[in-house]
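A.B. asks: So I've got this file, start-v8.txt, and it contains compact mmCIF, C-alpha atoms:
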```txt
# COMPACT_ATOMS: atom_id res chain seq x y z
CA MET U 123 -1.32 7.04 -31.78
CA ALA U 124 -0.74 3.33 -32.23
CA GLU U 125 -0.41 1.10 -29.20
CA THR U 126 3.14 -0.02 -28.64
CA ALA U 127 4.21 -3.40 -27.34
CA VAL U 128 5.05 -1.93 -23.98
CA ARG U 129 1.42 -0.98 -23.26
CA PRO U 130 -0.52 -4.23 -22.91
CA THR U 131 -4.26 -4.36 -23.49
CA LEU U 132 -6.55 -6.66 -21.54
CA ASP U 133 -9.80 -8.28 -22.64
CA ALA U 134 -12.64 -8.74 -20.18
CA LEU U 135 -13.82 -12.17 -19.11
CA ASP U 136 -16.71 -13.38 -21.32
CA PRO U 137 -20.24 -13.86 -19.91
CA ALA U 138 -19.81 -17.63 -19.52
CA GLY U 139 -16.61 -17.07 -17.54
CA ARG U 140 -18.26 -14.47 -15.29
CA ALA U 141 -21.15 -16.83 -14.62
CA LEU U 142 -18.81 -19.76 -13.87
CA MET U 143 -16.53 -17.78 -11.56
CA PHE U 144 -18.93 -15.38 -9.85
CA THR U 145 -22.55 -14.74 -10.70
CA GLU U 146 -23.90 -18.29 -11.13
CA ALA U 147 -21.34 -20.16 -8.99
CA ARG U 148 -22.65 -21.84 -5.87
CA THR U 149 -21.26 -23.61 -2.82
CA ALA U 150 -21.78 -27.35 -3.34
CA ASN U 151 -23.24 -29.44 -0.53
CA THR U 152 -23.47 -32.77 -2.39
CA PHE U 153 -21.05 -34.35 -4.85
CA ALA U 154 -21.32 -36.84 -7.72
CA ASP U 155 -19.28 -40.06 -7.55
CA THR U 156 -17.07 -38.79 -10.39
CA PRO U 157 -13.49 -38.80 -9.05
CA VAL U 158 -11.26 -35.74 -8.94
CA THR U 159 -7.82 -36.63 -10.30
CA ASP U 160 -4.47 -35.67 -8.82
CA GLU U 161 -3.84 -33.83 -12.09
CA GLU U 162 -6.96 -31.70 -11.53
CA LEU U 163 -5.89 -30.93 -7.96
CA THR U 164 -2.43 -29.95 -9.18
CA SER U 165 -4.02 -27.74 -11.85
CA ILE U 166 -6.03 -25.84 -9.21
CA TRP U 167 -2.84 -24.84 -7.46
CA GLU U 168 -1.08 -24.06 -10.74
CA LEU U 169 -3.72 -21.36 -11.28
CA ALA U 170 -4.15 -20.08 -7.73
CA ARG U 171 -0.47 -19.61 -6.98
CA TRP U 172 0.02 -16.82 -9.53
CA ALA U 173 -2.31 -14.31 -7.86
CA PRO U 174 -0.60 -11.58 -5.80
CA THR U 175 0.46 -11.45 -2.14
CA ALA U 176 2.27 -8.76 -0.14
CA ALA U 177 6.01 -8.88 -0.85
CA ASN U 178 5.24 -12.12 -2.75
CA THR U 179 5.18 -13.92 0.60
CA GLN U 180 2.68 -16.66 -0.47
CA PRO U 181 2.01 -17.96 3.06
CA LEU U 182 -0.80 -20.37 2.03
CA ARG U 183 -0.16 -24.11 2.13
CA VAL U 184 -2.46 -26.77 0.69
CA LEU U 185 -2.93 -30.31 1.97
CA TYR U 186 -4.96 -32.37 -0.50
CA VAL U 187 -6.85 -35.18 1.21
CA ARG U 188 -8.23 -38.00 -0.94
CA PRO U 189 -10.84 -40.71 -0.28
CA GLY U 190 -9.63 -43.50 1.95
CA GLU U 191 -7.51 -43.40 5.04
CA GLY U 192 -6.67 -39.68 4.75
CA ARG U 193 -10.28 -38.58 4.42
CA ASP U 194 -11.34 -40.92 7.25
CA ARG U 195 -8.80 -39.24 9.53
CA LEU U 196 -10.03 -35.77 8.48
CA VAL U 197 -13.80 -36.24 8.80
CA LYS U 198 -13.79 -36.62 12.57
CA TYR U 199 -12.36 -33.11 13.04
CA MET U 200 -15.14 -31.51 11.03
CA SER U 201 -18.09 -30.04 12.93
CA GLU U 202 -21.13 -32.28 13.03
CA GLY U 203 -23.00 -30.46 10.27
CA ASN U 204 -20.01 -30.75 7.92
CA GLN U 205 -19.01 -34.40 8.45
CA ALA U 206 -21.35 -35.98 5.88
CA LYS U 207 -20.32 -33.48 3.20
CA THR U 208 -16.61 -34.08 3.71
CA ALA U 209 -17.14 -37.88 3.91
CA ALA U 210 -18.77 -37.73 0.44
CA ALA U 211 -16.36 -35.28 -1.23
CA PRO U 212 -14.07 -36.92 -3.82
CA ALA U 213 -11.28 -34.54 -2.76
CA VAL U 214 -10.74 -32.15 0.12
CA ALA U 215 -8.21 -29.34 0.49
CA VAL U 216 -7.06 -28.27 3.94
CA LEU U 217 -5.84 -24.68 3.54
CA ALA U 218 -3.28 -23.56 6.11
CA VAL U 219 -0.96 -20.67 6.85
CA ASP U 220 2.75 -21.37 7.11
CA THR U 221 3.58 -19.42 10.29
CA ARG U 222 7.24 -19.33 9.20
CA PHE U 223 6.53 -18.24 5.61
CA HIS U 224 9.31 -15.66 5.87
CA GLU U 225 11.97 -18.39 5.64
CA HIS U 226 11.21 -18.48 1.90
CA ILE U 227 11.77 -14.74 1.37
CA PRO U 228 15.32 -15.03 -0.04
CA THR U 229 13.78 -17.22 -2.79
CA VAL U 230 10.46 -15.50 -3.41
CA PHE U 231 11.46 -11.85 -2.82
CA PRO U 232 15.12 -11.74 -3.88
CA ILE U 233 14.91 -7.97 -4.47
CA ARG U 234 14.67 -7.46 -0.69
CA PRO U 235 15.99 -10.55 1.13
CA GLU U 236 16.34 -8.52 4.33
CA MET U 237 12.56 -8.74 4.69
CA GLN U 238 13.19 -12.19 6.17
CA ASP U 239 14.83 -10.61 9.22
CA PHE U 240 12.16 -7.94 9.39
CA TYR U 241 9.46 -10.59 9.76
CA GLU U 242 11.64 -12.73 12.05
CA ASN U 243 11.95 -9.79 14.47
CA ASN U 244 8.34 -8.58 14.28
CA GLU U 245 6.09 -11.33 15.55
CA GLU U 246 2.88 -9.32 15.30
CA LEU U 247 3.54 -8.22 11.72
CA ARG U 248 4.51 -11.77 10.84
CA ARG U 249 1.32 -13.20 12.32
CA ASN U 250 -0.96 -10.54 10.83
CA GLY U 251 0.78 -10.65 7.45
CA GLY U 252 0.65 -14.43 7.31
CA ASN U 253 -3.02 -14.57 8.29
CA PHE U 254 -4.09 -11.81 5.91
CA ASN U 255 -2.21 -13.03 2.86
CA ALA U 256 -3.14 -16.68 3.42
CA ALA U 257 -6.82 -15.68 3.58
CA LEU U 258 -6.38 -13.64 0.39
CA GLN U 259 -4.91 -16.73 -1.26
CA ALA U 260 -7.78 -18.86 0.06
CA GLY U 261 -10.07 -16.57 -1.96
CA TYR U 262 -7.93 -17.15 -5.06
CA PHE U 263 -7.97 -20.89 -4.36
CA ILE U 264 -11.78 -21.11 -4.23
CA LEU U 265 -12.07 -19.28 -7.55
CA ALA U 266 -9.35 -21.50 -9.07
CA VAL U 267 -11.41 -24.59 -8.12
CA ARG U 268 -14.28 -23.08 -10.06
CA ALA U 269 -12.02 -22.27 -13.01
CA LEU U 270 -11.33 -26.00 -13.36
CA GLY U 271 -15.06 -26.69 -13.72
CA LEU U 272 -15.22 -28.13 -10.21
CA ALA U 273 -17.52 -27.19 -7.36
CA ALA U 274 -16.04 -25.90 -4.09
CA GLY U 275 -17.57 -26.30 -0.64
CA PRO U 276 -15.55 -24.12 1.78
CA MET U 277 -16.12 -24.73 5.50
CA ALA U 278 -14.85 -22.88 8.57
CA GLY U 279 -16.51 -25.31 11.01
CA PHE U 280 -13.86 -27.76 12.22
CA ASP U 281 -11.61 -28.34 15.24
CA ALA U 282 -8.53 -26.57 13.94
CA ALA U 283 -6.24 -27.34 16.88
CA ALA U 284 -7.00 -31.08 16.72
CA LEU U 285 -6.78 -31.18 12.92
CA ASP U 286 -3.42 -29.40 13.02
CA ALA U 287 -2.07 -31.80 15.63
CA GLU U 288 -3.12 -34.76 13.46
CA PHE U 289 -1.94 -33.52 10.05
CA PHE U 290 0.66 -30.84 10.82
CA GLY U 291 2.37 -32.30 13.82
CA ASP U 292 5.21 -29.81 14.25
CA GLY U 293 2.93 -26.77 14.75
CA ARG U 294 4.34 -24.77 11.85
CA PHE U 295 1.19 -24.91 9.67
CA ARG U 296 -2.12 -23.64 11.07
CA SER U 297 -5.32 -24.61 9.22
CA ILE U 298 -7.68 -21.78 8.20
CA LEU U 299 -10.29 -23.35 5.89
CA VAL U 300 -11.34 -26.78 4.61
CA VAL U 301 -12.66 -26.95 1.06
CA ASN U 302 -14.61 -29.91 -0.33
CA ILE U 303 -13.95 -30.34 -4.05
CA GLY U 304 -15.86 -32.34 -6.64
CA HIS U 305 -18.49 -32.38 -9.33
CA PRO U 306 -21.90 -31.31 -8.06
CA GLY U 307 -24.21 -34.14 -7.01
CA GLU U 308 -27.98 -34.35 -6.75
CA ASN U 309 -29.63 -31.11 -5.60
CA PRO U 310 -26.26 -29.67 -4.60
CA TRP U 311 -27.26 -26.11 -3.80
CA TYR U 312 -29.24 -24.59 -0.94
CA ASN U 313 -31.39 -21.57 -1.74
CA ARG U 314 -29.07 -18.68 -2.47
CA LEU U 315 -28.67 -16.34 0.49
CA PRO U 316 -29.02 -12.60 -0.10
CA ARG U 317 -26.04 -10.35 -0.65
CA LEU U 318 -25.82 -6.94 1.00
CA ASP U 319 -27.41 -4.04 -0.82
CA HIS U 320 -24.91 -2.04 -2.81
CA GLU U 321 -25.31 0.99 -0.53
CA ASP U 322 -24.49 -1.12 2.54
CA ALA U 323 -21.19 -2.36 1.10
CA VAL U 324 -19.91 0.32 -1.29
CA SER U 325 -19.29 4.04 -0.83
CA TRP U 326 -17.63 6.71 -2.97
CA ALA U 327 -15.09 9.51 -2.47
CA MET Q 193 -27.97 -43.01 -16.89
CA ALA Q 194 -29.03 -39.64 -18.26
CA GLU Q 195 -28.21 -36.49 -16.33
CA THR Q 196 -31.24 -35.01 -14.64
CA ALA Q 197 -31.98 -31.35 -14.16
CA VAL Q 198 -31.10 -31.56 -10.47
CA ARG Q 199 -27.47 -32.51 -11.16
CA PRO Q 200 -25.83 -29.46 -12.73
CA THR Q 201 -22.73 -29.76 -14.90
CA LEU Q 202 -20.00 -27.14 -14.94
CA ASP Q 203 -17.68 -26.17 -17.79
CA ALA Q 204 -14.11 -25.20 -17.10
CA LEU Q 205 -12.81 -21.68 -17.76
CA ASP Q 206 -11.30 -21.43 -21.26
CA PRO Q 207 -7.55 -20.80 -21.76
CA ALA Q 208 -8.04 -17.07 -22.41
CA GLY Q 209 -9.98 -16.75 -19.18
CA ARG Q 210 -7.35 -18.65 -17.18
CA ALA Q 211 -4.62 -16.43 -18.62
CA LEU Q 212 -6.60 -13.24 -17.85
CA MET Q 213 -7.50 -14.23 -14.30
CA PHE Q 214 -4.42 -16.17 -13.17
CA THR Q 215 -1.50 -17.31 -15.28
CA GLU Q 216 -0.76 -14.16 -17.31
CA ALA Q 217 -2.24 -11.56 -14.97
CA ARG Q 218 0.19 -9.10 -13.41
CA THR Q 219 0.15 -6.39 -10.77
CA ALA Q 220 0.12 -3.02 -12.57
CA ASN Q 221 2.51 -0.30 -11.48
CA THR Q 222 1.66 2.28 -14.18
CA PHE Q 223 -1.70 3.21 -15.67
CA ALA Q 224 -2.90 4.66 -18.98
CA ASP Q 225 -4.89 7.92 -18.93
CA THR Q 226 -8.03 6.00 -19.97
CA PRO Q 227 -10.64 6.69 -17.28
CA VAL Q 228 -12.38 4.00 -15.27
CA THR Q 229 -16.10 4.68 -15.18
CA ASP Q 230 -18.39 4.47 -12.16
CA GLU Q 231 -20.25 1.77 -14.08
CA GLU Q 232 -17.06 -0.32 -14.33
CA LEU Q 233 -16.41 0.11 -10.61
CA THR Q 234 -19.96 -0.92 -9.82
CA SER Q 235 -19.55 -3.97 -12.10
CA ILE Q 236 -16.46 -5.11 -10.16
CA TRP Q 237 -18.49 -5.28 -6.99
CA GLU Q 238 -21.44 -6.90 -8.75
CA LEU Q 239 -19.11 -9.83 -9.53
CA ALA Q 240 -17.08 -9.99 -6.33
CA ARG Q 241 -20.01 -9.93 -3.94
CA TRP Q 242 -21.36 -13.32 -5.02
CA ALA Q 243 -18.36 -15.37 -3.87
CA PRO Q 244 -18.79 -17.20 -0.54
CA THR Q 245 -18.12 -16.13 3.06
CA ALA Q 246 -18.67 -17.92 6.38
CA ALA Q 247 -22.33 -17.75 7.39
CA ASN Q 248 -22.73 -15.34 4.44
CA THR Q 249 -21.34 -12.59 6.69
CA GLN Q 250 -19.77 -10.51 3.86
CA PRO Q 251 -17.71 -8.24 6.13
CA LEU Q 252 -15.82 -6.47 3.30
CA ARG Q 253 -16.61 -2.85 2.53
CA VAL Q 254 -15.37 -0.93 -0.51
CA LEU Q 255 -14.66 2.79 -0.72
CA TYR Q 256 -14.06 3.83 -4.33
CA VAL Q 257 -11.83 6.90 -4.58
CA ARG Q 258 -11.74 8.81 -7.86
CA PRO Q 259 -9.31 11.38 -9.29
CA GLY Q 260 -9.60 14.83 -7.73
CA GLU Q 261 -10.16 15.83 -4.16
CA GLY Q 262 -10.76 12.27 -2.89
CA ARG Q 263 -7.60 10.85 -4.41
CA ASP Q 264 -5.57 13.86 -3.20
CA ARG Q 265 -6.72 13.16 0.35
CA LEU Q 266 -5.84 9.46 -0.01
CA VAL Q 267 -2.35 9.72 -1.53
CA LYS Q 268 -0.74 11.25 1.54
CA TYR Q 269 -1.55 8.17 3.64
CA MET Q 270 0.17 5.81 1.21
CA SER Q 271 3.74 4.78 1.97
CA GLU Q 272 6.35 6.73 0.01
CA GLY Q 273 6.94 4.00 -2.55
CA ASN Q 274 3.21 3.77 -3.33
CA GLN Q 275 2.28 7.47 -3.55
CA ALA Q 276 3.14 8.02 -7.23
CA LYS Q 277 1.24 4.90 -8.29
CA THR Q 278 -1.92 5.90 -6.42
CA ALA Q 279 -1.64 9.51 -7.63
CA ALA Q 280 -1.68 8.20 -11.23
CA ALA Q 281 -4.39 5.55 -10.84
CA PRO Q 282 -7.69 6.46 -12.52
CA ALA Q 283 -9.55 4.76 -9.68
CA VAL Q 284 -8.60 3.42 -6.28
CA ALA Q 285 -10.49 1.03 -4.00
CA VAL Q 286 -9.94 1.16 -0.25
CA LEU Q 287 -10.96 -2.27 1.05
CA ALA Q 288 -12.04 -2.36 4.69
CA VAL Q 289 -13.58 -4.72 7.20
CA ASP Q 290 -16.84 -3.72 8.86
CA THR Q 291 -16.05 -4.52 12.48
CA ARG Q 292 -19.80 -4.68 13.20
CA PHE Q 293 -20.65 -6.86 10.20
CA HIS Q 294 -22.85 -9.02 12.42
CA GLU Q 295 -25.53 -6.34 12.57
CA HIS Q 296 -26.50 -7.45 9.04
CA ILE Q 297 -26.96 -11.11 9.98
CA PRO Q 298 -30.77 -11.01 10.24
CA THR Q 299 -30.77 -9.87 6.59
CA VAL Q 300 -27.92 -11.95 5.13
CA PHE Q 301 -28.31 -15.15 7.18
CA PRO Q 302 -32.05 -15.32 7.93
CA ILE Q 303 -31.84 -19.09 8.49
CA ARG Q 304 -29.94 -18.43 11.76
CA PRO Q 305 -30.55 -14.86 12.91
CA GLU Q 306 -29.31 -15.77 16.40
CA MET Q 307 -25.76 -15.73 14.98
CA GLN Q 308 -25.93 -11.96 15.44
CA ASP Q 309 -25.96 -12.40 19.23
CA PHE Q 310 -23.29 -15.08 19.02
CA TYR Q 311 -20.91 -12.64 17.33
CA GLU Q 312 -22.00 -9.76 19.58
CA ASN Q 313 -21.01 -11.79 22.64
CA ASN Q 314 -17.77 -13.26 21.28
CA GLU Q 315 -15.40 -10.43 20.52
CA GLU Q 316 -12.48 -12.64 19.50
CA LEU Q 317 -14.57 -14.74 17.11
CA ARG Q 318 -16.08 -11.56 15.70
CA ARG Q 319 -12.68 -9.98 15.12
CA ASN Q 320 -11.10 -13.12 13.67
CA GLY Q 321 -14.14 -13.93 11.54
CA GLY Q 322 -14.36 -10.39 10.21
CA ASN Q 323 -10.66 -10.23 9.40
CA PHE Q 324 -10.54 -13.65 7.75
CA ASN Q 325 -13.65 -13.29 5.63
CA ALA Q 326 -12.85 -9.72 4.58
CA ALA Q 327 -9.41 -10.89 3.40
CA LEU Q 328 -11.04 -13.77 1.52
CA GLN Q 329 -13.32 -11.24 -0.15
CA ALA Q 330 -10.33 -9.02 -0.96
CA GLY Q 331 -8.98 -11.97 -2.98
CA TYR Q 332 -12.30 -12.23 -4.83
CA PHE Q 333 -12.23 -8.46 -5.40
CA ILE Q 334 -8.77 -8.49 -7.04
CA LEU Q 335 -9.84 -11.27 -9.41
CA ALA Q 336 -13.10 -9.43 -10.18
CA VAL Q 337 -11.07 -6.34 -11.22
CA ARG Q 338 -9.23 -8.59 -13.67
CA ALA Q 339 -12.50 -10.12 -14.92
CA LEU Q 340 -13.54 -6.62 -16.05
CA GLY Q 341 -10.39 -6.35 -18.20
CA LEU Q 342 -8.83 -3.90 -15.75
CA ALA Q 343 -5.45 -4.10 -14.05
CA ALA Q 344 -5.24 -4.20 -10.25
CA GLY Q 345 -2.39 -2.88 -8.13
CA PRO Q 346 -2.98 -4.06 -4.54
CA MET Q 347 -0.90 -2.39 -1.82
CA ALA Q 348 -0.54 -3.11 1.89
CA GLY Q 349 1.82 -0.17 2.48
CA PHE Q 350 -0.20 2.71 3.93
CA ASP Q 351 -0.93 4.36 7.28
CA ALA Q 352 -4.13 2.49 8.07
CA ALA Q 353 -4.94 4.30 11.31
CA ALA Q 354 -4.60 7.74 9.71
CA LEU Q 355 -6.48 6.69 6.56
CA ASP Q 356 -9.31 5.27 8.67
CA ALA Q 357 -9.55 8.46 10.74
CA GLU Q 358 -9.77 10.51 7.54
CA PHE Q 359 -12.23 8.38 5.55
CA PHE Q 360 -14.04 6.25 8.15
CA GLY Q 361 -14.39 8.71 11.00
CA ASP Q 362 -16.52 6.67 13.37
CA GLY Q 363 -14.05 3.78 13.73
CA ARG Q 364 -16.43 1.09 12.52
CA PHE Q 365 -14.57 0.32 9.25
CA ARG Q 366 -10.91 -0.69 9.36
CA SER Q 367 -8.92 -0.58 6.09
CA ILE Q 368 -7.05 -3.74 5.07
CA LEU Q 369 -5.84 -3.15 1.49
CA VAL Q 370 -5.70 -0.36 -1.10
CA VAL Q 371 -6.10 -1.39 -4.74
CA ASN Q 372 -5.16 0.85 -7.67
CA ILE Q 373 -7.42 0.17 -10.65
CA GLY Q 374 -6.99 1.13 -14.30
CA HIS Q 375 -5.83 0.16 -17.74
CA PRO Q 376 -2.14 -0.73 -17.83
CA GLY Q 377 0.20 2.11 -18.83
CA GLU Q 378 3.70 2.11 -20.34
CA ASN Q 379 5.90 -0.75 -19.07
CA PRO Q 380 3.41 -1.54 -16.31
CA TRP Q 381 4.91 -4.77 -15.00
CA TYR Q 382 8.04 -5.47 -12.99
CA ASN Q 383 9.84 -8.73 -13.69
CA ARG Q 384 7.67 -11.52 -12.40
CA LEU Q 385 8.76 -12.82 -9.01
CA PRO Q 386 9.09 -16.57 -8.50
CA ARG Q 387 6.33 -18.66 -6.97
CA LEU Q 388 7.12 -21.36 -4.45
CA ASP Q 389 7.94 -24.80 -5.82
CA HIS Q 390 4.97 -27.11 -5.77
CA GLU Q 391 6.56 -29.32 -3.10
CA ASP Q 392 7.03 -26.31 -0.80
CA ALA Q 393 3.36 -25.35 -0.94
CA VAL Q 394 1.36 -28.53 -1.58
CA SER Q 395 1.27 -31.87 0.23
CA TRP Q 396 -0.97 -34.94 -0.02
CA ALA Q 397 -2.82 -37.26 2.36
```
Hey, can you dump this file as structure tokens for me?
C.D. replies:
Amino acid sequence: MAETAVRPTLDALDPAGRALMFTEARTANTFADTPVTDEELTSIWELARWAPTAANTQPLRVLYVRPGEGRDRLVKYMSEGNQAKTAAAPAVAVLAVDTRFHEHIPTVFPIRPEMQDFYENNEELRRNGGNFNAALQAGYFILAVRALGLAAGPMAGFDAAALDAEFFGDGRFRSILVVNIGHPGENPWYNRLPRLDHEDAVSWA
Amino acid sequence: MAETAVRPTLDALDPAGRALMFTEARTANTFADTPVTDEELTSIWELARWAPTAANTQPLRVLYVRPGEGRDRLVKYMSEGNQAKTAAAPAVAVLAVDTRFHEHIPTVFPIRPEMQDFYENNEELRRNGGNFNAALQAGYFILAVRALGLAAGPMAGFDAAALDAEFFGDGRFRSILVVNIGHPGENPWYNRLPRLDHEDAVSWA
């Protein structure tokens, strides 16, 4: 029977795309001097924002920090081992969770606007839902950086409370990850660390 | 100056790849009868596992559930609105966090094996690190499903405690997301929900 228009078919990603996004991609630790443009940074988000979140809540927020005064303010909150990398990155993204993401629900989930009140009245669900979905989106973000042909250097080592006080003064946004972004520099990769054996990570039922 | 071998260059993902992974990808709510093979399921993980986690901890675990007895056991733990979708999915992945992920640190992070003790002695950091990095990996996993030319249907609505007792009896793994996997069926997409305006999600410093 012929396919009809209502049953879409999907192609798989080609080998070059799989290598770029997953199998050959590496975390960059040095960057070339080549700048990263505001247009490139905007394009990263234009890709990442389409991937799914629970009830379309989209709790992730992105603060792009560029060389100069902004980056100087940021570097001092990074842990010692990360400061040189961030100081040399042509762009940096501070990824944060909007702890009051549910205020956008009437806009982003108009089929069930009452979910706003549900989250307002359930602090634990709000906190867990925000944290989980923002982390999910951080995963999409890292892969979107790679999709632009840029190298990502995600780092969890920074003083989040101090960074938040400096950049997100009102306490609504809480930083979760800092990602250096740029073109790879000289000898940018460490030796690749091993991944878990298949049988340690995957099971079947 | 000529590029040297130690400064890699990266291509960007082509338009078809960006559409497949991000801009045209949709969450599937119906599936064709076409089976999903064990080889395809293994290939999803072979992509997803290479994306980065903090200290290479890789706390995500995957339980693949196939049609038959396994899927029958799973469906009853899904929330009412998700049961029909899971019952029709040719494959389902239960994504879980290994709450004792740090036991693998001597293998996965041999450059600092003492991190195992650090996590052992810091329950809050262990819990937060496991939850955050497993969610990050769940994001990679969803995009890896798409890279295989398969449709993903992620769902947060299920009875996690009951599911964990049934499938992960010893309490070590804690489920975080259930993902239906298959080829899209008839009219598989709902109307696309709006994403936040750029100025609501992105800021600059």
A.B. asks: Taking 3 positions as the minimum chain separation for residues in the same chain, which residues sit within 10 Å of Ala327 (chain Q) when counting all atoms listed in the file? Answer as a PDB file with C-alpha atoms, in the frame of the given file.
C.D. replies:
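Result saved to selection.pdb:
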```pdb
ATOM      1  CA  ASN U 253      -3.020 -14.570   8.290  1.00  0.00           C
ATOM      2  CA  PHE U 254      -4.090 -11.810   5.910  1.00  0.00           C
ATOM      3  CA  ASN U 255      -2.210 -13.030   2.860  1.00  0.00           C
ATOM      4  CA  ALA U 256      -3.140 -16.680   3.420  1.00  0.00           C
ATOM      5  CA  ALA U 257      -6.820 -15.680   3.580  1.00  0.00           C
ATOM      6  CA  LEU U 258      -6.380 -13.640   0.390  1.00  0.00           C
ATOM      7  CA  GLN U 259      -4.910 -16.730  -1.260  1.00  0.00           C
ATOM      8  CA  ALA U 260      -7.780 -18.860   0.060  1.00  0.00           C
ATOM      9  CA  GLY U 261     -10.070 -16.570  -1.960  1.00  0.00           C
TER      10      GLY U 261
ATOM     11  CA  PRO Q 251     -17.710  -8.240   6.130  1.00  0.00           C
ATOM     12  CA  LEU Q 252     -15.820  -6.470   3.300  1.00  0.00           C
ATOM     13  CA  LEU Q 287     -10.960  -2.270   1.050  1.00  0.00           C
ATOM     14  CA  ALA Q 288     -12.040  -2.360   4.690  1.00  0.00           C
ATOM     15  CA  VAL Q 289     -13.580  -4.720   7.200  1.00  0.00           C
ATOM     16  CA  GLY Q 321     -14.140 -13.930  11.540  1.00  0.00           C
ATOM     17  CA  GLY Q 322     -14.360 -10.390  10.210  1.00  0.00           C
ATOM     18  CA  ASN Q 323     -10.660 -10.230   9.400  1.00  0.00           C
ATOM     19  CA  PHE Q 324     -10.540 -13.650   7.750  1.00  0.00           C
ATOM     20  CA  ALA Q 330     -10.330  -9.020  -0.960  1.00  0.00           C
ATOM     21  CA  GLY Q 331      -8.980 -11.970  -2.980  1.00  0.00           C
ATOM     22  CA  TYR Q 332     -12.300 -12.230  -4.830  1.00  0.00           C
ATOM     23  CA  PHE Q 333     -12.230  -8.460  -5.400  1.00  0.00           C
ATOM     24  CA  ILE Q 368      -7.050  -3.740   5.070  1.00  0.00           C
ATOM     25  CA  LEU Q 369      -5.840  -3.150   1.490  1.00  0.00           C
TER      26      LEU Q 369
END
```
A.B. asks: Can you pull out every residue within 10 Å of region 202-214 of chain U, counting only C-alpha atoms, but drop anything in the same chain fewer than 5 positions away, and send it as a ChimeraX atom specification?
C.D. replies: /U:150-160,163,184-190,192-194,196-197,274-280,300-307 /Q:397
A.B. asks: For Leu270 (chain U), list every protein, DNA or RNA residue within 8 Å, evaluated using all atoms listed in the file, and leave out those in the same chain fewer than 3 positions away; present the list as a VMD selection string.
C.D. replies: (chain U and resid 162 165 to 166 266 to 267) or (chain Q and resid 203 to 205)
A.B. asks: Pick from U:Ala215, U:Gly271, U:Ala177, U:Arg248: nearest to Phe231 (chain U), with only C-alpha atoms counted?
C.D. replies: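 Checking each of U:Ala215, U:Gly271, U:Ala177, U:Arg248 against Phe231 (chain U), counting only C-alpha atoms, the winner is U:Ala177.
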A.B. asks: Which is closer to Arg148 (chain U) than all the others in Q:Trp242, Q:Trp237, Q:Trp381, Q:Phe310, using all atoms listed in the file?
C.D. replies: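 Using all atoms listed in the file, Arg148 (chain U) sits closest to Q:Trp242.
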A.B. asks: Could you work out how far CA of Leu388 (chain Q) lies from CA of Gln180 (chain U), giving the answer in Å with one decimal?
C.D. replies: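 The value is 7.6 Å.
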A.B. asks: My list of candidates is Q:Ala357, Q:Ile297, Q:Ala352, Q:Leu342. Which is closest to chain U when distances are computed with only C-alpha atoms?
C.D. replies: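 Of Q:Ala357, Q:Ile297, Q:Ala352, Q:Leu342, the one nearest chain U is Q:Leu342, counting only C-alpha atoms.
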A.B. asks: Any idea what the distance is between CA of Thr234 (chain Q) and CA of Pro316 (chain U)?
C.D. replies: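 Distance between the two atoms: 17.7 Å.
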A.B. asks: Pick out the closest residue to Ala141 (chain U) from this set: U:Arg268, U:Asn244, U:His320, U:Asp292. Count all atoms listed in the file.
C.D. replies: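 Ranking U:Arg268, U:Asn244, U:His320, U:Asp292 by distance to Ala141 (chain U), first place goes to U:Arg268.
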A.B. asks: Taking into account all atoms listed in the file, which residue in the set Q:His294, Q:Arg319, Q:Arg304, Q:Arg241 is nearest to chain U?
C.D. replies: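 Comparing Q:His294, Q:Arg319, Q:Arg304, Q:Arg241 against chain U, the winner is Q:Arg241.
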A.B. asks: What does the structure give for the distance between CA of Pro207 (chain Q) and CA of Arg129 (chain U), in Å to one decimal?
C.D. replies: 21.8 Å
A.B. asks: Point out the residue among U:Ala173, U:Val230, U:Ala138, U:Met200 with the least atom-to-atom distance to Arg387 (chain Q), counting all atoms listed in the file.
C.D. replies: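 With all atoms listed in the file as the atom set, the closest residue is U:Val230.
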A.B. asks: Please provide the set of residues having any atom within 7 Å of Asp286 (chain U), restricted to all atoms listed in the file, with same-chain residues fewer than 4 positions apart removed, written as a list in words.
C.D. replies: Ala282, Phe290, Gly291, Arg296 and Ser297 of chain U
A.B. asks: Using only C-alpha atoms, please write the residues we just selected to a file, as a PDB file, keeping the file's coordinate frame.
C.D. replies:
```
ATOM      1  CA  ALA U 282      -8.530 -26.570  13.940  1.00  0.00           C
ATOM      2  CA  PHE U 290       0.660 -30.840  10.820  1.00  0.00           C
ATOM      3  CA  GLY U 291       2.370 -32.300  13.820  1.00  0.00           C
ATOM      4  CA  ARG U 296      -2.120 -23.640  11.070  1.00  0.00           C
ATOM      5  CA  SER U 297      -5.320 -24.610   9.220  1.00  0.00           C
TER       6      SER U 297
END
```
